[in-house]
Amino acid sequence: MDTKPIPAINQEHQVDRLLVEKALDLLEASRVPRDEPVPLKDGLELTETMPESGMEASQVLEQMASGVLETSAQLHHPGFMAHMDPPTPSVAWTAALWQAALNQNLLHPDVAPKARLLSERVVTWIAPFFGMGGGHFVPGSTISNLTALWAARELKGVKKVAASKMAHLSVRKAADILGLEYQAMETDRQHRWTPDADSDWNDTAVFLTAGTVATGAIDALNPMPKAPWIHIDAAWAGPMRFSHQHASRLAGIETADSVGFSAHKWMYQPKGAALILFKEAESAHQAMSYGGGYLSAPNIGLIGSAPASALPLAATLLHWGREGLAEHIDSDMAKAERLKNLVDEHPDFELWGPSQTGIVVWKHKTIPASEVRSRLKQAWVSLTDIEGDMWLRSVAANPGADPEFVFQKVLEATKPC
């Protein structure tokens with residue numbers, strides 16, 4: 001019996017080494033630190049309608065480079081202490097390239113058998129640091145918060161959710177979607193909420209924040225109130241649990257029913273990588289499990305088709321280990337402390353409050369924060385509005401940031417032109 005040879009693979013879907021090398025050359029050229037972390041350019045110009053005919057692939061990269069690479073924020077810049085968006089290590093984004101090329105879908109074991117196992121193994125690595133039994137990957141903490149409250153409604157019948165008034169806006173979104181009554185609770189002057197142990201939380205999910213967006217504040221995590229469900233949104237500060245030096249700042253997190261955090265923040269991963277973890281993962285997953293005739297495995301949670309987001313994270317953890325990850329977090333915390341001390345020691349500046357989780361909120365005493373930022377050269381900080389007062393906000397998420405350099409540039413921005 002004659003057998004036909006395997007047909008050739010379509011050339012468009014082969015590995016084009018020259019194209020990849022060109023992409024890397026363009027990327028490398030864009031990485032040289034600029035005077036302006038985000039230059040004021042028009043960016044990529046595209047026609048108003050879809051092109052009728054295409055162009056050569058290398059030309060596409062050249063055209064896009066000027067608008068995408070050359071105008072992107074330089075998260076690796078020594079003067080960049082602005083947002084909860086870190087530069088990604090090369091081992092992570094090269095592993096992400098594999099996922100993009102393979103286009104694995106975790107929904108189908110026959111398409112991504114090892115990728116599914118890899119995702120499960122990474123969850124197994126991470127969950128014990130939070131005292132959780134398991135969980136799964138989600139695209140971000142907005143989804144992890146919604147998933148946690150969904151589980152709380154299904155398993156415990158909660159009808160309300162109580163959260164700090166400084167909690168992320170995704171909490172209110174989740175409450176609206178799930179038909180839960182939302183209660184915004186008052187905080188202390190440092191943006192921390194301490195749930196009243198004597199209050200009646202009978203039908204309420206208590207939602208605590210570990211690292212608020214504006215100031216990085218941590219709600220009281222220990223002792224926990226008696227409630228049917230306690231969720232901790234540790235989107236920002238969660239990875240501190242991997243640090244022996246700073247893990248105790250989240251003491252009590254292990255007693256929660258669920259924890260969510262974003263790996264694409266303080267674990268330095270590409271966007272779209274977060275986790276939702278449960279104390280009783282099996283029962284939580286069963287409560288949110290759906291099937292279909294074409295599925296060979298249950299679809300758990302909100303996400304259907306899902307990429308192998310664990311691939312870059314697994315590569316990073318294998319490369320760094322827990323110690324390497326902790327060294328990065330400890331170094332960032334030390335950078336925030338150095339900046340805080342510089343601000344505190346200068347008579348023209350003031351601090352909003354303590355720096356709990358690598359975020360420094362500060363300002364000049366007489367010059368508006370927005371004006372200072374508009375004058376900045378070779379450095380970048382963000383702004384945050386606290387009760388109608390604008391402050392500078394510096395986030396230590398860039399391993400290459402230089403706090404002394406940032407402070408000096410801000411100081412220069414306060415001088416007369």
# chains A, B, ... in the order shown; residues from 1 in each chain; ligands from 1
>>> residues_around(residues="Ala413 in chain A", least_positions_apart="4", cutoff="8 Å", atoms="only C-alpha atoms", output="PDB file with N, CA and C atoms, in the first residue's frame")
ATOM      1  N   VAL A 372       4.887  69.883  38.158  1.00  0.00           N
ATOM      2  CA  VAL A 372       6.201  69.260  38.302  1.00  0.00           C
ATOM      3  C   VAL A 372       6.366  68.146  37.284  1.00  0.00           C
ATOM      4  N   ARG A 373       5.341  67.312  37.155  1.00  0.00           N
ATOM      5  CA  ARG A 373       5.464  66.192  36.222  1.00  0.00           C
ATOM      6  C   ARG A 373       5.567  66.674  34.783  1.00  0.00           C
ATOM      7  N   ARG A 375       7.071  69.144  33.713  1.00  0.00           N
ATOM      8  CA  ARG A 375       8.407  69.668  33.456  1.00  0.00           C
ATOM      9  C   ARG A 375       9.489  68.582  33.446  1.00  0.00           C
ATOM     10  N   LEU A 376       9.124  67.383  33.843  1.00  0.00           N
ATOM     11  CA  LEU A 376      10.121  66.328  34.014  1.00  0.00           C
ATOM     12  C   LEU A 376      10.829  65.976  32.712  1.00  0.00           C
ATOM     13  N   LYS A 377      12.157  65.780  32.799  1.00  0.00           N
ATOM     14  CA  LYS A 377      12.971  65.290  31.703  1.00  0.00           C
ATOM     15  C   LYS A 377      13.777  64.095  32.207  1.00  0.00           C
ATOM     16  N   LYS A 409      15.962  64.445  39.167  1.00  0.00           N
ATOM     17  CA  LYS A 409      15.241  64.977  38.014  1.00  0.00           C
ATOM     18  C   LYS A 409      13.965  65.701  38.451  1.00  0.00           C
TER      19      LYS A 409
END
>>> residues_around(residues="range 330-343 of chain A", least_positions_apart="2", cutoff="10 Å", atoms="only C-alpha atoms", output="VMD selection string")
chain A and resid 81 240 242 to 246 266 324 to 328 345 to 351 353 to 364 394 to 408 411
>>> write_last_selection(atoms="N, CA and C atoms", output="tab-separated table (two decimals), in the first residue's frame")
chain	number	residue	atom	x	y	z
A	81	MET	N	9.87	55.35	37.46
A	81	MET	CA	9.24	54.86	38.69
A	81	MET	C	7.83	55.46	38.71
A	240	MET	N	4.82	39.74	47.56
A	240	MET	CA	5.65	39.91	48.75
A	240	MET	C	5.70	38.63	49.57
A	242	PHE	N	6.57	35.84	48.60
A	242	PHE	CA	7.73	35.05	48.19
A	242	PHE	C	9.02	35.54	48.84
A	243	SER	N	8.95	36.66	49.51
A	243	SER	CA	10.11	37.27	50.15
A	243	SER	C	10.12	36.96	51.64
A	244	HIS	N	11.21	36.34	52.13
A	244	HIS	CA	11.31	36.09	53.57
A	244	HIS	C	11.31	37.41	54.34
A	245	GLN	N	11.89	38.43	53.74
A	245	GLN	CA	12.03	39.72	54.40
A	245	GLN	C	10.70	40.46	54.57
A	246	HIS	N	9.79	40.31	53.58
A	246	HIS	CA	8.57	41.12	53.59
A	246	HIS	C	7.27	40.32	53.63
A	266	TRP	N	3.98	42.56	40.06
A	266	TRP	CA	5.23	42.41	40.79
A	266	TRP	C	5.91	41.05	40.61
A	324	GLY	N	15.58	34.18	43.63
A	324	GLY	CA	15.79	35.24	42.66
A	324	GLY	C	14.62	36.20	42.58
A	325	LEU	N	13.40	35.65	42.64
A	325	LEU	CA	12.21	36.50	42.63
A	325	LEU	C	12.19	37.38	43.89
A	326	ALA	N	12.51	36.78	45.03
A	326	ALA	CA	12.53	37.54	46.28
A	326	ALA	C	13.58	38.64	46.24
A	327	GLU	N	14.72	38.37	45.63
A	327	GLU	CA	15.77	39.39	45.52
A	327	GLU	C	15.27	40.59	44.73
A	328	HIS	N	14.49	40.34	43.67
A	328	HIS	CA	13.93	41.45	42.89
A	328	HIS	C	12.95	42.27	43.74
A	345	GLU	N	13.91	63.89	53.77
A	345	GLU	CA	15.04	64.70	54.23
A	345	GLU	C	15.13	66.06	53.54
A	346	HIS	N	14.32	66.26	52.49
A	346	HIS	CA	14.41	67.53	51.77
A	346	HIS	C	13.32	68.48	52.27
A	347	PRO	N	13.69	69.71	52.60
A	347	PRO	CA	12.71	70.64	53.19
A	347	PRO	C	11.60	71.08	52.25
A	348	ASP	N	11.80	70.93	50.92
A	348	ASP	CA	10.80	71.42	49.96
A	348	ASP	C	9.76	70.37	49.58
A	349	PHE	N	9.92	69.15	50.08
A	349	PHE	CA	9.00	68.07	49.71
A	349	PHE	C	8.34	67.48	50.95
A	350	GLU	N	7.23	66.79	50.71
A	350	GLU	CA	6.55	66.10	51.80
A	350	GLU	C	6.02	64.75	51.33
A	351	LEU	N	5.91	63.82	52.27
A	351	LEU	CA	5.36	62.50	52.01
A	351	LEU	C	3.88	62.48	52.39
A	353	GLY	N	2.36	59.62	53.30
A	353	GLY	CA	2.28	58.68	54.42
A	353	GLY	C	3.34	57.61	54.26
A	354	PRO	N	3.22	56.51	54.99
A	354	PRO	CA	4.23	55.45	54.93
A	354	PRO	C	4.21	54.73	53.59
A	355	SER	N	5.34	54.14	53.25
A	355	SER	CA	5.45	53.32	52.05
A	355	SER	C	5.42	51.86	52.48
A	356	GLN	N	4.26	51.23	52.34
A	356	GLN	CA	4.08	49.86	52.82
A	356	GLN	C	4.48	48.80	51.80
A	357	THR	N	4.23	49.09	50.55
A	357	THR	CA	4.39	48.06	49.52
A	357	THR	C	5.12	48.58	48.29
A	358	GLY	N	6.18	49.33	48.51
A	358	GLY	CA	6.99	49.80	47.39
A	358	GLY	C	6.41	50.97	46.62
A	359	ILE	N	5.44	51.67	47.19
A	359	ILE	CA	4.84	52.84	46.53
A	359	ILE	C	5.09	54.07	47.40
A	360	VAL	N	5.65	55.09	46.79
A	360	VAL	CA	5.93	56.34	47.50
A	360	VAL	C	5.03	57.43	46.93
A	361	VAL	N	4.25	58.05	47.79
A	361	VAL	CA	3.35	59.14	47.40
A	361	VAL	C	3.90	60.42	48.02
A	362	TRP	N	4.20	61.40	47.17
A	362	TRP	CA	4.92	62.58	47.64
A	362	TRP	C	4.62	63.78	46.75
A	363	LYS	N	5.07	64.96	47.18
A	363	LYS	CA	4.87	66.15	46.36
A	363	LYS	C	5.74	67.29	46.86
A	364	HIS	N	5.89	68.29	45.99
A	364	HIS	CA	6.54	69.53	46.39
A	364	HIS	C	5.54	70.34	47.21
A	394	SER	N	5.23	57.25	42.95
A	394	SER	CA	6.36	56.49	42.40
A	394	SER	C	6.24	55.03	42.83
A	395	VAL	N	6.21	54.15	41.85
A	395	VAL	CA	6.07	52.72	42.10
A	395	VAL	C	7.39	52.02	41.81
A	396	ALA	N	7.88	51.27	42.76
A	396	ALA	CA	9.14	50.54	42.59
A	396	ALA	C	8.86	49.18	41.96
A	397	ALA	N	8.71	49.16	40.64
A	397	ALA	CA	8.48	47.90	39.92
A	397	ALA	C	9.49	47.71	38.81
A	398	ASN	N	10.46	48.60	38.73
A	398	ASN	CA	11.47	48.56	37.67
A	398	ASN	C	12.81	48.21	38.30
A	399	PRO	N	13.33	47.00	38.06
A	399	PRO	CA	14.61	46.60	38.65
A	399	PRO	C	15.76	47.52	38.25
A	400	GLY	N	15.62	48.24	37.14
A	400	GLY	CA	16.68	49.13	36.69
A	400	GLY	C	16.53	50.57	37.14
A	401	ALA	N	15.50	50.87	37.94
A	401	ALA	CA	15.26	52.25	38.37
A	401	ALA	C	16.33	52.71	39.35
A	402	ASP	N	16.62	54.00	39.29
A	402	ASP	CA	17.60	54.62	40.18
A	402	ASP	C	16.88	55.72	40.97
A	403	PRO	N	16.55	55.48	42.24
A	403	PRO	CA	15.78	56.46	43.02
A	403	PRO	C	16.47	57.81	43.13
A	404	GLU	N	17.79	57.81	43.28
A	404	GLU	CA	18.52	59.08	43.38
A	404	GLU	C	18.42	59.87	42.09
A	405	PHE	N	18.48	59.17	40.97
A	405	PHE	CA	18.34	59.82	39.66
A	405	PHE	C	16.94	60.41	39.52
A	406	VAL	N	15.92	59.64	39.89
A	406	VAL	CA	14.54	60.10	39.79
A	406	VAL	C	14.33	61.34	40.66
A	407	PHE	N	14.80	61.28	41.90
A	407	PHE	CA	14.61	62.42	42.80
A	407	PHE	C	15.32	63.66	42.27
A	408	GLN	N	16.53	63.48	41.74
A	408	GLN	CA	17.28	64.62	41.21
A	408	GLN	C	16.54	65.26	40.04
A	411	LEU	N	13.63	67.15	41.33
A	411	LEU	CA	14.12	68.37	41.96
A	411	LEU	C	14.45	69.43	40.90
>>> select_by_dssp(residues="range 309-404 of chain A", states="alpha helix (DSSP H)", output="PyMOL selection string")
chain A and resi 310-345+369-375+403-404
>>> closest_residue(among="A:Asn10, A:Thr3, A:Thr47, A:Ser58", to="Lys22 in chain A", atoms="only C-alpha atoms")
A:Ser58
>>> closest_residue(among="A:Ala65, A:Ala235, A:Leu46, A:Ala57", to="Ala29 in chain A", atoms="only C-alpha atoms")
A:Ala65
>>> select_by_dssp(residues="range 144-199 of chain A", states="strand (DSSP E)", output="ChimeraX atom specification")
/A:160-164,181-185
>>> closest_residue(among="A:Ser374, A:Ser30, A:Gln104, A:Gln286", to="Thr71 in chain A", atoms="only C-alpha atoms")
A:Ser30
